[in-house]
Structure formats: C-alpha cells, structure tokens
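A.B. asks: Pasting target35.cif here (mmCIF, C-alpha atoms and all ligand atoms):
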data_target
loop_
_atom_site.label_atom_id
_atom_site.label_comp_id
_atom_site.auth_asym_id
_atom_site.auth_seq_id
_atom_site.Cartn_x
_atom_site.Cartn_y
_atom_site.Cartn_z
CA MET H 1 -148.32 14.90 -29.64
CA ASN H 2 -145.96 12.84 -27.58
CA ILE H 3 -147.63 9.50 -27.00
CA ASP H 4 -145.90 8.89 -23.70
CA SER H 5 -146.96 12.01 -21.91
CA ILE H 6 -149.72 14.50 -22.42
CA LYS H 7 -150.02 17.75 -20.52
CA ARG H 8 -153.76 18.03 -20.28
CA GLY H 9 -156.33 15.52 -21.40
CA ILE H 10 -157.68 12.05 -20.88
CA VAL H 11 -156.14 8.60 -20.96
CA LEU H 12 -158.45 5.62 -21.31
CA ASP H 13 -156.47 2.73 -19.89
CA HIS H 14 -157.14 -1.01 -19.54
CA ILE H 15 -159.26 -1.20 -22.68
CA THR H 16 -159.84 -4.83 -23.63
CA ALA H 17 -157.33 -5.56 -26.40
CA GLY H 18 -158.91 -5.01 -29.81
CA ARG H 19 -161.65 -2.66 -28.61
CA CYS H 20 -159.98 0.72 -29.10
CA MET H 21 -161.34 1.31 -32.63
CA GLU H 22 -164.90 0.57 -31.49
CA ILE H 23 -164.55 3.06 -28.65
CA TYR H 24 -162.92 5.63 -30.96
CA ARG H 25 -165.94 5.43 -33.24
CA THR H 26 -168.64 5.24 -30.56
CA LEU H 27 -167.34 8.27 -28.64
CA HIS H 28 -166.98 10.14 -31.98
CA LEU H 29 -163.31 10.87 -31.24
CA ASP H 30 -162.77 11.19 -35.00
CA GLN H 31 -164.64 14.50 -34.84
CA LEU H 32 -162.23 16.09 -32.36
CA GLU H 33 -159.83 18.86 -33.40
CA CYS H 34 -157.12 17.71 -30.98
CA SER H 35 -154.76 14.78 -31.39
CA VAL H 36 -155.90 11.33 -30.36
CA ALA H 37 -153.59 8.33 -30.05
CA LEU H 38 -154.85 4.77 -30.28
CA ILE H 39 -152.37 2.31 -28.88
CA HIS H 40 -153.14 -1.30 -29.64
CA ASN H 41 -151.87 -4.48 -27.99
CA VAL H 42 -149.80 -3.02 -25.17
CA LYS H 43 -148.29 -5.56 -22.77
CA SER H 44 -150.10 -5.46 -19.45
CA VAL H 45 -149.25 -7.24 -16.19
CA LEU H 46 -152.93 -7.36 -15.29
CA MET H 47 -154.51 -8.17 -18.64
CA GLY H 48 -151.81 -9.74 -20.81
CA ARG H 49 -152.63 -7.32 -23.62
CA LYS H 50 -154.61 -4.11 -23.56
CA ASP H 51 -155.42 -1.06 -25.66
CA ILE H 52 -154.98 2.57 -24.58
CA ILE H 53 -156.48 5.77 -25.98
CA LYS H 54 -154.89 9.14 -25.25
CA ILE H 55 -156.84 12.31 -25.96
CA ASP H 56 -154.95 15.58 -25.91
CA GLU H 57 -157.81 17.64 -24.52
CA ASP H 58 -160.12 17.45 -21.50
CA ILE H 59 -163.39 16.56 -23.24
CA ASP H 60 -166.70 15.39 -21.79
CA ILE H 61 -166.95 11.63 -22.19
CA ASP H 62 -170.21 9.72 -21.79
CA LEU H 63 -169.04 7.36 -19.07
CA ASP H 64 -172.28 5.34 -19.30
CA VAL H 65 -171.61 4.49 -22.92
CA LEU H 66 -168.01 3.69 -22.15
CA GLY H 67 -168.98 1.53 -19.16
CA TYR H 68 -171.45 -0.32 -21.31
CA ILE H 69 -168.90 -1.09 -24.05
CA ASP H 70 -166.06 -2.03 -21.74
CA PRO H 71 -166.62 -1.72 -17.95
CA GLY H 72 -163.00 -2.60 -17.11
CA ILE H 73 -161.65 0.71 -18.48
CA THR H 74 -159.89 3.20 -16.20
CA VAL H 75 -160.35 6.85 -17.12
CA ASN H 76 -157.35 9.02 -16.12
CA ILE H 77 -157.76 12.78 -16.14
CA ILE H 78 -154.46 14.52 -16.77
CA VAL H 79 -153.74 18.12 -15.72
CA ASP H 80 -150.25 19.63 -16.01
CA GLY H 81 -148.81 16.25 -16.91
CA GLU H 82 -150.11 14.61 -13.73
CA ILE H 83 -153.01 12.22 -13.18
CA THR H 84 -155.45 14.25 -11.10
CA GLU H 85 -158.34 11.85 -11.17
CA LYS H 86 -158.80 8.12 -11.83
CA LYS H 87 -162.29 6.85 -12.59
CA HIS H 88 -163.12 3.17 -12.54
CA LEU H 89 -166.11 2.38 -14.68
CA ALA H 90 -169.00 0.10 -13.92
CA LEU H 91 -171.89 -1.20 -15.97
CA PRO H 92 -174.41 1.65 -16.01
CA GLU H 93 -177.83 0.94 -14.51
CA ARG H 94 -179.63 2.81 -17.25
CA LEU H 95 -178.80 3.70 -20.85
CA GLU H 96 -180.67 6.43 -22.67
CA ASN H 97 -180.46 6.63 -26.46
CA VAL H 98 -177.43 4.35 -26.58
CA LEU H 99 -179.10 1.13 -27.64
CA THR H 100 -182.05 0.74 -29.99
CA CYS H 101 -184.69 -1.89 -29.31
CA LYS H 102 -184.69 -4.59 -31.99
CA ASN H 103 -188.01 -6.17 -31.01
CA PRO H 104 -190.33 -5.53 -33.99
CA ARG H 105 -193.35 -5.69 -31.66
CA CYS H 106 -191.99 -2.96 -29.36
CA ILE H 107 -193.85 0.36 -29.09
CA THR H 108 -190.56 2.19 -29.79
CA THR H 109 -190.73 0.94 -33.38
CA SER H 110 -193.98 2.80 -34.09
CA GLU H 111 -194.42 5.66 -31.62
CA ARG H 112 -192.62 8.86 -32.56
CA GLY H 113 -190.21 10.62 -30.26
CA LEU H 114 -189.76 8.01 -27.53
CA THR H 115 -186.43 7.95 -25.72
CA GLN H 116 -184.79 4.54 -26.06
CA VAL H 117 -184.19 3.38 -22.50
CA PHE H 118 -182.46 0.19 -21.41
CA ARG H 119 -182.09 -1.05 -17.83
CA LEU H 120 -179.40 -3.36 -16.45
CA THR H 121 -181.48 -6.29 -15.17
CA ASP H 122 -178.82 -8.95 -14.66
CA PRO H 123 -175.35 -7.50 -13.89
CA ALA H 124 -173.74 -10.96 -13.59
CA ARG H 125 -174.80 -11.88 -17.13
CA ARG H 126 -174.51 -8.28 -18.36
CA ILE H 127 -178.08 -8.22 -19.62
CA TYR H 128 -179.88 -5.05 -20.57
CA ARG H 129 -183.60 -4.96 -21.24
CA CYS H 130 -185.75 -2.42 -23.03
CA LEU H 131 -187.73 -0.33 -20.51
CA TYR H 132 -190.85 -0.67 -22.66
CA CYS H 133 -191.00 -4.25 -23.91
CA ASP H 134 -188.36 -5.97 -21.71
CA ALA H 135 -186.65 -7.42 -24.78
CA GLU H 136 -183.06 -8.35 -24.10
CA GLN H 137 -180.25 -6.56 -25.91
CA LYS H 138 -177.46 -8.97 -26.72
CA MET A 139 -200.28 9.01 -9.25
CA ARG A 140 -199.71 5.28 -9.78
CA HIS A 141 -200.16 3.21 -12.92
CA LEU A 142 -200.37 -0.55 -13.25
CA ILE A 143 -198.15 -1.65 -16.11
CA ASN A 144 -196.70 -4.87 -14.73
CA ILE A 145 -197.88 -7.12 -11.89
CA THR A 146 -194.62 -6.48 -10.01
CA ASP A 147 -195.53 -2.76 -9.84
CA LEU A 148 -197.66 -3.87 -6.88
CA THR A 149 -196.04 -4.93 -3.62
CA PRO A 150 -197.18 -8.19 -1.99
CA ASP A 151 -198.91 -6.04 0.68
CA GLU A 152 -200.80 -4.09 -1.96
CA ILE A 153 -201.85 -7.32 -3.67
CA GLU A 154 -203.04 -8.69 -0.31
CA ASP A 155 -205.09 -5.54 0.25
CA LEU A 156 -206.57 -5.68 -3.27
CA LEU A 157 -207.54 -9.33 -2.88
CA ASN A 158 -209.13 -8.66 0.52
CA LEU A 159 -211.17 -5.85 -0.99
CA ALA A 160 -212.09 -8.00 -4.00
CA ASP A 161 -213.28 -10.81 -1.71
CA ALA A 162 -215.39 -8.32 0.26
CA MET A 163 -216.84 -6.95 -2.98
CA ARG A 164 -217.68 -10.42 -4.20
CA ALA A 165 -219.43 -11.20 -0.91
CA ASN A 166 -221.52 -7.99 -0.88
CA PRO A 167 -221.30 -6.32 -4.29
CA ARG A 168 -224.17 -3.91 -3.62
CA ASP A 169 -222.25 -2.21 -0.82
CA TRP A 170 -220.04 -0.67 -3.53
CA GLY A 171 -222.77 -0.06 -6.11
CA GLU A 172 -222.65 3.74 -5.78
CA SER A 173 -219.06 4.17 -4.66
CA GLN A 174 -217.68 5.60 -7.94
CA ARG A 175 -220.72 7.54 -9.11
CA GLY A 176 -219.62 10.40 -11.35
CA ARG A 177 -216.30 8.80 -12.19
CA ILE A 178 -215.47 7.68 -15.72
CA LEU A 179 -213.38 4.76 -16.92
CA ALA A 180 -212.04 4.99 -20.48
CA THR A 181 -211.41 1.67 -22.17
CA LEU A 182 -208.90 2.30 -24.96
CA PHE A 183 -208.68 -0.92 -26.92
CA PHE A 184 -206.31 -0.44 -29.85
CA GLU A 185 -206.91 -4.09 -30.64
CA PRO A 186 -210.13 -5.96 -29.96
CA SER A 187 -210.49 -8.10 -26.85
CA THR A 188 -214.15 -8.25 -26.06
CA ARG A 189 -213.93 -10.30 -22.88
CA THR A 190 -211.27 -8.14 -21.25
CA ARG A 191 -213.08 -4.93 -22.23
CA LEU A 192 -216.42 -6.24 -20.93
CA SER A 193 -214.83 -7.26 -17.66
CA PHE A 194 -213.45 -3.74 -17.12
CA GLU A 195 -216.73 -2.13 -18.10
CA SER A 196 -218.70 -4.48 -15.88
CA ALA A 197 -216.38 -3.64 -12.99
CA MET A 198 -216.80 0.13 -13.41
CA LEU A 199 -220.58 -0.12 -13.89
CA SER A 200 -220.79 -2.28 -10.75
CA LEU A 201 -219.15 0.58 -8.86
CA GLY A 202 -221.73 3.07 -10.15
CA GLY A 203 -219.29 4.75 -12.53
CA GLY A 204 -219.55 5.35 -16.25
CA VAL A 205 -217.56 4.06 -19.18
CA LEU A 206 -216.50 5.33 -22.59
CA GLY A 207 -213.92 4.26 -25.11
CA PHE A 208 -213.26 2.40 -28.33
CA SER A 209 -212.79 -1.25 -29.13
CA SER A 210 -210.44 -1.29 -32.10
CA ALA A 211 -207.78 0.89 -33.66
CA ASP A 212 -210.00 1.67 -36.71
CA SER A 213 -212.50 3.51 -34.55
CA SER A 214 -209.81 5.47 -32.71
CA SER A 215 -207.87 8.49 -33.86
CA SER A 216 -204.75 6.35 -34.26
CA ALA A 217 -206.31 5.30 -37.59
CA LYS A 218 -205.72 8.92 -38.64
CA GLY A 219 -202.10 8.68 -37.58
CA GLU A 220 -202.35 10.22 -34.13
CA SER A 221 -199.61 9.10 -31.77
CA LEU A 222 -200.46 6.94 -28.79
CA GLN A 223 -199.17 9.60 -26.43
CA ASP A 224 -201.44 12.26 -27.95
CA THR A 225 -204.48 9.96 -27.83
CA VAL A 226 -203.85 9.22 -24.18
CA ARG A 227 -203.25 12.86 -23.27
CA THR A 228 -206.57 13.76 -24.91
CA VAL A 229 -208.58 10.96 -23.34
CA SER A 230 -207.13 11.68 -19.91
CA CYS A 231 -209.04 15.00 -20.10
CA TYR A 232 -212.31 13.07 -20.48
CA ALA A 233 -211.86 10.24 -17.97
CA ASP A 234 -210.67 9.62 -14.41
CA ILE A 235 -208.90 6.35 -15.16
CA ILE A 236 -207.84 4.50 -18.32
CA ALA A 237 -207.71 0.79 -19.11
CA MET A 238 -205.75 0.29 -22.31
CA ARG A 239 -205.01 -2.62 -24.57
CA HIS A 240 -202.51 -2.27 -27.37
CA PRO A 241 -200.88 -4.69 -29.82
CA LYS A 242 -197.41 -3.19 -29.25
CA GLU A 243 -195.34 -4.31 -26.29
CA GLY A 244 -194.57 -1.51 -23.86
CA ALA A 245 -197.38 0.75 -25.14
CA PRO A 246 -198.76 1.50 -21.62
CA MET A 247 -195.26 2.37 -20.41
CA ALA A 248 -195.03 4.94 -23.21
CA ALA A 249 -198.58 6.16 -22.58
CA GLN A 250 -198.10 6.86 -18.88
CA TYR A 251 -195.73 9.74 -19.63
CA THR A 252 -198.49 11.85 -21.13
CA SER A 253 -201.48 10.66 -19.12
CA GLU A 254 -203.00 12.87 -16.47
CA VAL A 255 -204.95 9.95 -14.97
CA PRO A 256 -203.94 6.45 -13.81
CA ILE A 257 -203.44 3.86 -16.55
CA ILE A 258 -204.17 0.16 -16.19
CA ASN A 259 -202.46 -2.13 -18.68
CA ALA A 260 -205.19 -4.39 -20.07
CA GLY A 261 -202.67 -6.30 -22.20
CA ASP A 262 -199.80 -5.10 -24.39
CA GLY A 263 -199.15 -7.61 -27.15
CA GLY A 264 -197.49 -10.75 -25.85
CA HIS A 265 -195.92 -8.85 -22.99
CA ASN A 266 -197.91 -8.12 -19.79
CA HIS A 267 -201.48 -8.53 -18.64
CA PRO A 268 -201.42 -7.72 -14.92
CA THR A 269 -205.18 -7.81 -14.29
CA GLN A 270 -205.27 -11.40 -15.57
CA THR A 271 -202.57 -12.19 -13.02
CA LEU A 272 -204.54 -10.48 -10.25
CA THR A 273 -207.52 -12.63 -11.28
CA ASP A 274 -205.35 -15.76 -11.12
CA LEU A 275 -203.98 -14.78 -7.70
CA MET A 276 -207.45 -14.06 -6.33
CA THR A 277 -208.69 -17.45 -7.56
CA ILE A 278 -205.70 -19.30 -6.10
CA ARG A 279 -205.97 -17.51 -2.77
CA ARG A 280 -209.70 -18.16 -2.43
CA GLU A 281 -209.09 -21.88 -2.91
CA HIS A 282 -205.84 -22.21 -1.00
CA GLY A 283 -206.35 -19.68 1.78
CA HIS A 284 -203.07 -17.91 1.08
CA LEU A 285 -200.46 -17.43 -1.65
CA GLY A 286 -197.46 -19.68 -1.19
CA ASP A 287 -196.80 -23.26 -0.04
CA MET A 288 -198.11 -24.97 -3.14
CA THR A 289 -197.10 -27.03 -6.14
CA ILE A 290 -198.41 -25.47 -9.30
CA GLY A 291 -198.22 -27.01 -12.76
CA LEU A 292 -198.03 -24.66 -15.72
CA CYS A 293 -198.97 -26.48 -18.88
CA GLY A 294 -198.91 -25.74 -22.60
CA ASP A 295 -197.20 -22.85 -24.32
CA LEU A 296 -194.74 -21.63 -21.70
CA LYS A 297 -192.59 -19.81 -24.25
CA PHE A 298 -195.05 -17.22 -25.52
CA GLY A 299 -197.67 -17.46 -22.77
CA ARG A 300 -197.56 -14.05 -21.13
CA THR A 301 -200.10 -15.04 -18.46
CA VAL A 302 -197.72 -17.81 -17.37
CA HIS A 303 -194.75 -15.45 -17.20
CA SER A 304 -196.60 -12.87 -15.11
CA LEU A 305 -198.01 -15.53 -12.79
CA ILE A 306 -194.54 -16.93 -12.16
CA LEU A 307 -193.12 -13.46 -11.43
CA ALA A 308 -195.99 -12.83 -9.02
CA LEU A 309 -195.78 -16.19 -7.22
CA ILE A 310 -192.01 -16.29 -6.69
CA ARG A 311 -192.46 -13.55 -4.09
CA TYR A 312 -194.22 -16.02 -1.77
CA PRO A 313 -192.47 -18.81 0.14
CA GLY A 314 -192.89 -22.50 -0.59
CA VAL A 315 -193.99 -22.39 -4.22
CA ARG A 316 -192.79 -25.22 -6.48
CA PHE A 317 -193.31 -25.01 -10.24
CA LEU A 318 -193.79 -28.02 -12.52
CA LEU A 319 -193.33 -26.72 -16.05
CA ILE A 320 -195.11 -28.93 -18.58
CA SER A 321 -194.52 -28.17 -22.25
CA PRO A 322 -193.11 -29.52 -25.49
CA PRO A 323 -189.38 -28.74 -25.84
CA GLU A 324 -190.16 -26.11 -28.50
CA LEU A 325 -192.34 -24.16 -26.08
CA ARG A 326 -190.23 -24.30 -22.91
CA LEU A 327 -190.18 -21.38 -20.51
CA PRO A 328 -187.72 -18.71 -21.77
CA GLU A 329 -184.19 -18.98 -20.45
CA TYR A 330 -184.33 -15.65 -18.60
CA LEU A 331 -187.22 -16.87 -16.47
CA LEU A 332 -185.49 -20.21 -15.81
CA ASN A 333 -182.46 -18.16 -14.73
CA THR A 334 -184.64 -16.11 -12.39
CA LEU A 335 -185.92 -19.32 -10.78
CA ARG A 336 -182.38 -20.73 -10.49
CA ASP A 337 -180.91 -17.49 -9.12
CA GLN A 338 -183.58 -17.27 -6.42
CA GLY A 339 -183.34 -20.95 -5.51
CA ILE A 340 -186.98 -21.61 -6.38
CA PRO A 341 -187.70 -25.31 -6.96
CA PHE A 342 -188.92 -26.20 -10.43
CA GLU A 343 -188.98 -29.20 -12.74
CA GLU A 344 -189.52 -29.41 -16.47
CA HIS A 345 -191.76 -32.14 -17.84
CA GLN A 346 -192.97 -33.05 -21.29
CA ALA A 347 -195.90 -35.20 -20.22
CA MET A 348 -198.79 -33.92 -18.14
CA GLU A 349 -199.26 -37.39 -16.63
CA GLU A 350 -195.87 -37.22 -14.86
CA ALA A 351 -196.78 -34.04 -13.04
CA LEU A 352 -200.53 -34.35 -12.41
CA PRO A 353 -200.50 -36.54 -9.26
CA ARG A 354 -198.40 -34.00 -7.34
CA LEU A 355 -200.23 -30.80 -8.18
CA ASP A 356 -202.28 -28.47 -5.99
CA PHE A 357 -203.02 -26.26 -9.02
CA LEU A 358 -202.88 -26.84 -12.76
CA TYR A 359 -202.73 -23.71 -14.91
CA MET A 360 -203.61 -24.63 -18.48
CA THR A 361 -202.75 -22.54 -21.54
CA ARG A 362 -203.41 -22.98 -25.19
CA VAL A 363 -200.86 -24.59 -27.51
CA GLN A 364 -201.33 -22.65 -30.74
CA LYS A 365 -200.72 -24.39 -34.00
CA GLU A 366 -198.82 -21.45 -35.47
CA ARG A 367 -196.16 -21.74 -32.75
CA PHE A 368 -194.90 -25.01 -34.18
CA PHE A 369 -192.20 -25.33 -36.78
CA ASN A 370 -194.02 -28.04 -38.68
CA GLU A 371 -197.40 -29.69 -38.92
CA ALA A 372 -196.05 -33.13 -37.89
CA ASP A 373 -194.81 -31.85 -34.53
CA TYR A 374 -198.09 -30.15 -33.88
CA VAL A 375 -200.13 -33.27 -34.65
CA ARG A 376 -197.77 -35.39 -32.54
CA LEU A 377 -197.91 -33.08 -29.53
CA LYS A 378 -201.28 -31.43 -29.45
CA ASP A 379 -203.15 -34.22 -27.65
CA THR A 380 -200.44 -34.40 -25.01
CA TYR A 381 -201.49 -31.01 -23.76
CA ILE A 382 -205.23 -31.56 -23.70
CA LEU A 383 -206.78 -32.11 -20.29
CA THR A 384 -209.35 -34.92 -20.32
CA PRO A 385 -211.36 -36.74 -17.61
CA GLU A 386 -209.00 -39.74 -18.08
CA LYS A 387 -205.94 -37.66 -17.25
CA LEU A 388 -207.73 -35.97 -14.34
CA ARG A 389 -208.12 -39.41 -12.72
CA LEU A 390 -204.41 -39.26 -11.98
CA ALA A 391 -204.81 -36.05 -9.99
CA SER A 392 -205.62 -35.38 -6.36
CA PRO A 393 -209.24 -34.62 -5.39
CA ALA A 394 -207.87 -31.32 -4.04
CA LEU A 395 -206.44 -30.25 -7.42
CA ARG A 396 -207.81 -27.03 -8.89
CA VAL A 397 -207.66 -26.35 -12.63
CA LEU A 398 -207.27 -22.77 -13.89
CA HIS A 399 -207.24 -21.36 -17.40
CA PRO A 400 -207.03 -17.68 -18.43
CA LEU A 401 -209.60 -18.37 -21.22
CA PRO A 402 -210.61 -18.31 -23.98
CA ARG A 403 -210.19 -22.04 -24.28
CA VAL A 404 -210.13 -23.77 -27.64
CA ASN A 405 -209.66 -27.50 -27.19
CA GLU A 406 -206.94 -27.79 -24.55
CA ILE A 407 -209.49 -28.63 -21.86
CA SER A 408 -212.12 -31.14 -22.90
CA THR A 409 -215.62 -29.81 -22.20
CA GLN A 410 -216.28 -33.01 -20.23
CA VAL A 411 -213.91 -31.62 -17.59
CA ASP A 412 -216.19 -28.59 -16.96
CA ALA A 413 -218.52 -30.55 -14.70
CA ASP A 414 -215.65 -31.76 -12.49
CA PRO A 415 -215.62 -29.75 -9.22
CA ARG A 416 -211.88 -29.34 -9.67
CA ALA A 417 -212.43 -27.17 -12.75
CA ILE A 418 -212.67 -23.58 -11.51
CA TYR A 419 -211.92 -21.55 -14.64
CA PHE A 420 -215.39 -20.08 -14.86
CA ASP A 421 -215.20 -19.04 -11.23
CA GLN A 422 -211.92 -17.43 -12.22
CA VAL A 423 -213.78 -15.31 -14.79
CA ARG A 424 -216.19 -14.14 -12.09
CA ASN A 425 -213.26 -13.18 -9.87
CA GLY A 426 -211.90 -11.08 -12.74
CA ARG A 427 -214.79 -8.68 -12.35
CA TYR A 428 -214.35 -8.21 -8.59
CA VAL A 429 -210.59 -7.88 -8.66
CA ARG A 430 -210.95 -5.16 -11.33
CA MET A 431 -213.52 -3.40 -9.14
CA ALA A 432 -211.03 -3.48 -6.28
CA LEU A 433 -208.20 -2.29 -8.51
CA ILE A 434 -210.18 0.63 -9.99
CA THR A 435 -211.22 1.65 -6.46
CA ARG A 436 -207.69 1.63 -5.07
CA MET A 437 -206.19 3.36 -8.12
CA LEU A 438 -208.76 6.15 -7.93
CA GLU A 439 -207.75 6.57 -4.27
CA ASP A 440 -204.09 6.43 -5.40
CA PHE A 441 -203.55 3.53 -2.96
CA ALA A 442 -203.98 5.98 -0.08
ZN ZN I 501 -188.45 -2.61 -26.71
#
What is this structure when it is put down as structure tokens?
Ligand SMILES: [Zn+2]
C.D. replies:
Amino acid sequence: MNIDSIKRGIVLDHITAGRCMEIYRTLHLDQLECSVALIHNVKSVLMGRKDIIKIDEDIDIDLDVLGYIDPGITVNIIVDGEITEKKHLALPERLENVLTCKNPRCITTSERGLTQVFRLTDPARRIYRCLYCDAEQK
Amino acid sequence: MRHLINITDLTPDEIEDLLNLADAMRANPRDWGESQRGRILATLFFEPSTRTRLSFESAMLSLGGGVLGFSSADSSSSAKGESLQDTVRTVSCYADIIAMRHPKEGAPMAAQYTSEVPIINAGDGGHNHPTQTLTDLMTIRREHGHLGDMTIGLCGDLKFGRTVHSLILALIRYPGVRFLLISPPELRLPEYLLNTLRDQGIPFEEHQAMEEALPRLDFLYMTRVQKERFFNEADYVRLKDTYILTPEKLRLASPALRVLHPLPRVNEISTQVDADPRAIYFDQVRNGRYVRMALITRMLEDFA
C-alpha cells in the first residue's frame, strides 16, 4: 500500500493528534483484511498537528461512533484515486450500544436485553445522558 | 398511547388542562364517581411506598374504577427472577393503566416498551416522580392563581432531592420565576441543573441560611436533610438545625408565604408550624388525590 495515494477506500483526515490508535481500536480496523495506515503527528495548517488513517477498502464505518470520539474528523471516500465524497462529522444526537451506563442504580444494570441508549443533551459541553436514568457519561 | 415518565413529557398546555380538571374534581368529586367504572388500575410497587400507592388507589376508586397490584418486590414475580419487561407485558393484559414504582432509575422508561397500556411513573429510585410534581404545581397554582411570577425557596437536600429537581424543570417553563436555593454546601443543586438555569437566564441565588431567604419568598418548598447524606457526624450535627423550619424562623417571612413539603416529614418542619395558616403541606396531600384522578382520566382518554 502506498501511503500517499490509495485507489479505492477511505481516508479519515483531521483526527485530533494522538487519537488515531483509539479510533483504530474502536472501529475494529485491526480485524480488516486490507491494509490500514495510521499516520501520527502530521503537520497541519489548520490544527498544528493531526493524525490520519487510510483504509485501503471501502468499508462501512459507524459515523456516529466516530463523531462521538472525535467530531472534527473529515471522512474522504476515495474511488479511482479521486475523492468522490467528503463527510464532515458532527456529534451524534443519539448513541445506541456505544456507551454503557455506569450508574449502579440504573435499570440497565439489572434488566436483561436493554439497548444502551445515550442522548446528546448539551452539545456545547458535549454531554451525553443515559436515556433511562439521565446519568451523565463523562 | 402516551406514558408519563418525566414531568416534562407533558406540555405546559397539558399541565394547565390537568390542573383545571383536578380543580373541578376537587370542587365536585361526586360528578366523576362513576366515570371509570369497569376500568382497572394496576399499582406495581417493586419497592414499598404506602402513601404513594394509597393515593393512586384512592384516585382510581374515586373515579369508580378498580385496582389490583402488589406493594413490594417479594410479592411480585420479579422475586422469581422475571424481568421487569415481562412483568409489565403480563400485567398490561389485566389492567387498563399501570402506576409503577421501582427502585431502579429509568425502570418505567424500560417498561413502556413492552406495555400495552399507559404507564405512570410513581417514582423510580432517586430519579423522577412526576405525579409529586403535578401535586406541587396544583398546590402552587391554587394559592397563586397561576404558575409563574413568583420567588420560590427550595430548602434542604437539593443534591439528591428528586422532587426539587422535577419541580425546577417544571417551573422554568413559566415566566418570572426566581429560585432561592437554600442548602448546605455539600447538598447544593447539581451542576447540570445550575447550568440549565444559567443557560436559560433564569434568576437564582444560592444561600446557606434559611433566614437570609425567608423574607423574600412567596413559596418555601422544604425537603428532608438525611443524616446519611453527610460525610461526617459533626457536619450533620452542625447543620441539621439550620434546615429546620420553626415558628421563630417563620416570623421573618411574609404573611403571604406558603410552605410546601412533599412529605413524609421527619423533623425538618417543627410540628408547631402545622397550625400556621401558611403551612399548606396537608392540603398538598389532598391535591395529590385529585391531580391523580385527573391524570388517570386524561391518560385513559389518551389526552384526546
Ligand atoms: Zn443509566
């Protein structure tokens, strides 16, 4: 895999410097067959330093999870060596089975089979609360 | 089908309508005495709360309906390991409406997914208790004429006091409400609620002494300061008397003040205060019955 150009795949750009390993693990990129390049501490006009991840295949990425971890990321879809689509992420309004409620008094700790749901209640402070108990996820 | 999980599930217009109906029911209760004949309310109390359960049962019986249910988790099938969602699905085949109390926070939210009938949250741990808030709102409105344009003091345990949190979230939707928050530093209102007040530009002040706030209040909402909330015995002993309402402290207040308390009271309001016309917490209990009658009626109509 040539790091500079890929023919078909996905480039995650503008990752906050230092976050690429966390994203690699959370999106389970280690389980892919294709090549994946993690590029750490790239000079950026906009950000000073940034990380980039290049994935040599057009896979389905959970943009909600990605937006939750690092909403500043740009997702570039590459086809035939050209960027065909650029997606700017935002903090997702709702997260299902991404976070787990840590409130020991929450019903999700005892009732079987409940979907863990978190809602964005304060975008400015980036606060998510459990749908059931309203506990804040830090 | 609508459920009532949180007080903010109801719009201000729906609350207005409920309180109008509750006032009418209180004025002429017999007019509604047969209105829900043949309907059944299930009271599912996974933890005991006799007063709340009795108030729901009294409300349904006053409407001519019937009641069934259980009053603790040992007498329910959850003692045999049945899930909450299965219990609720089963009971919703036997009843037309469910009032449930559960020690776990968010239990009614989980229960609504499998219920075939409307669910009323009758308290989920330290989280929500919307019918208490409706009772508080009815009591305030009957005294004040409307909701809004008032200075209300909230006193005691503002950190864990769920009735205080729900009342604040209900009242910030009306104009002209000022909150005086009276508590020891350890039991201040949680930061997220202070942020909500700040973000919405709602005036509030924090006080440690009741005496500072009392002269300016239209309403005083008392809550219990529980010993187990304190980090050490010394702090508790030092602070507990500060948050007890006595006839001496009431002398500082306006003759128009009204004192509310969600009850049960332990010692945070001296019994000598009961005879003062400004003490309306037992009237508040009475309102609890009528506002639950109104709520059951509207929920069975699906707010049509
Ligand atoms: Zn929770």
A.B. asks: Once you count all atoms listed in the file, which residues end up within 7 Å of ligand ZN 501 (chain I), and could you hand them over as an MDAnalysis selection string?
C.D. replies: (chainID H and resid 101:103 106:108 130:135) or (chainID A and resid 244)
A.B. asks: Check the smallest atom-to-atom distance from each of H:Ala124, H:Leu12, H:Cys20, H:Leu114 to chain A using only C-alpha atoms, then report the winner.
C.D. replies: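 Counting only C-alpha atoms, the residue closest to chain A is H:Leu114.
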A.B. asks: Using all atoms listed in the file, find which residues of chain A lie within 8 Å of chain H and jot them down as a list in words.
C.D. replies: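 Within 8 Å of chain H on chain A, we get Ser221, Leu222, Pro241, Lys242, Glu243, Gly244, Ala245, Met247, Ala248, Gly263 and His265 of chain A.
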A.B. asks: When distances are computed from only C-alpha atoms, which of A:Pro167, A:Ile407, A:Val226, A:His399 shows the smallest separation from Tyr251 of chain A?
C.D. replies: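 For Tyr251 of chain A, the nearest of the candidates is A:Val226.
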A.B. asks: Identify, on the basis of all atoms listed in the file, every residue whose closest approach to Lys86 of chain H does not exceed 12 Å; exclude the query and any residue fewer than 6 positions from it along the same chain; express the result as a VMD selection string.
C.D. replies: chain H and resid 10 to 13 73 to 79
A.B. asks: Between atom CA of Asp234 of chain A and atom CA of Val205 of chain A, what distance in Å does the model show, to one decimal?
C.D. replies: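 About the pair atom CA of Asp234 of chain A and atom CA of Val205 of chain A: they are 10.1 Å apart.
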A.B. asks: Suppose you want the space between atom CA of Pro313 of chain A and atom CA of Pro341 of chain A; what is it in Å?
C.D. replies: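 Atom-to-atom, atom CA of Pro313 of chain A to atom CA of Pro341 of chain A, that is 10.7 Å.
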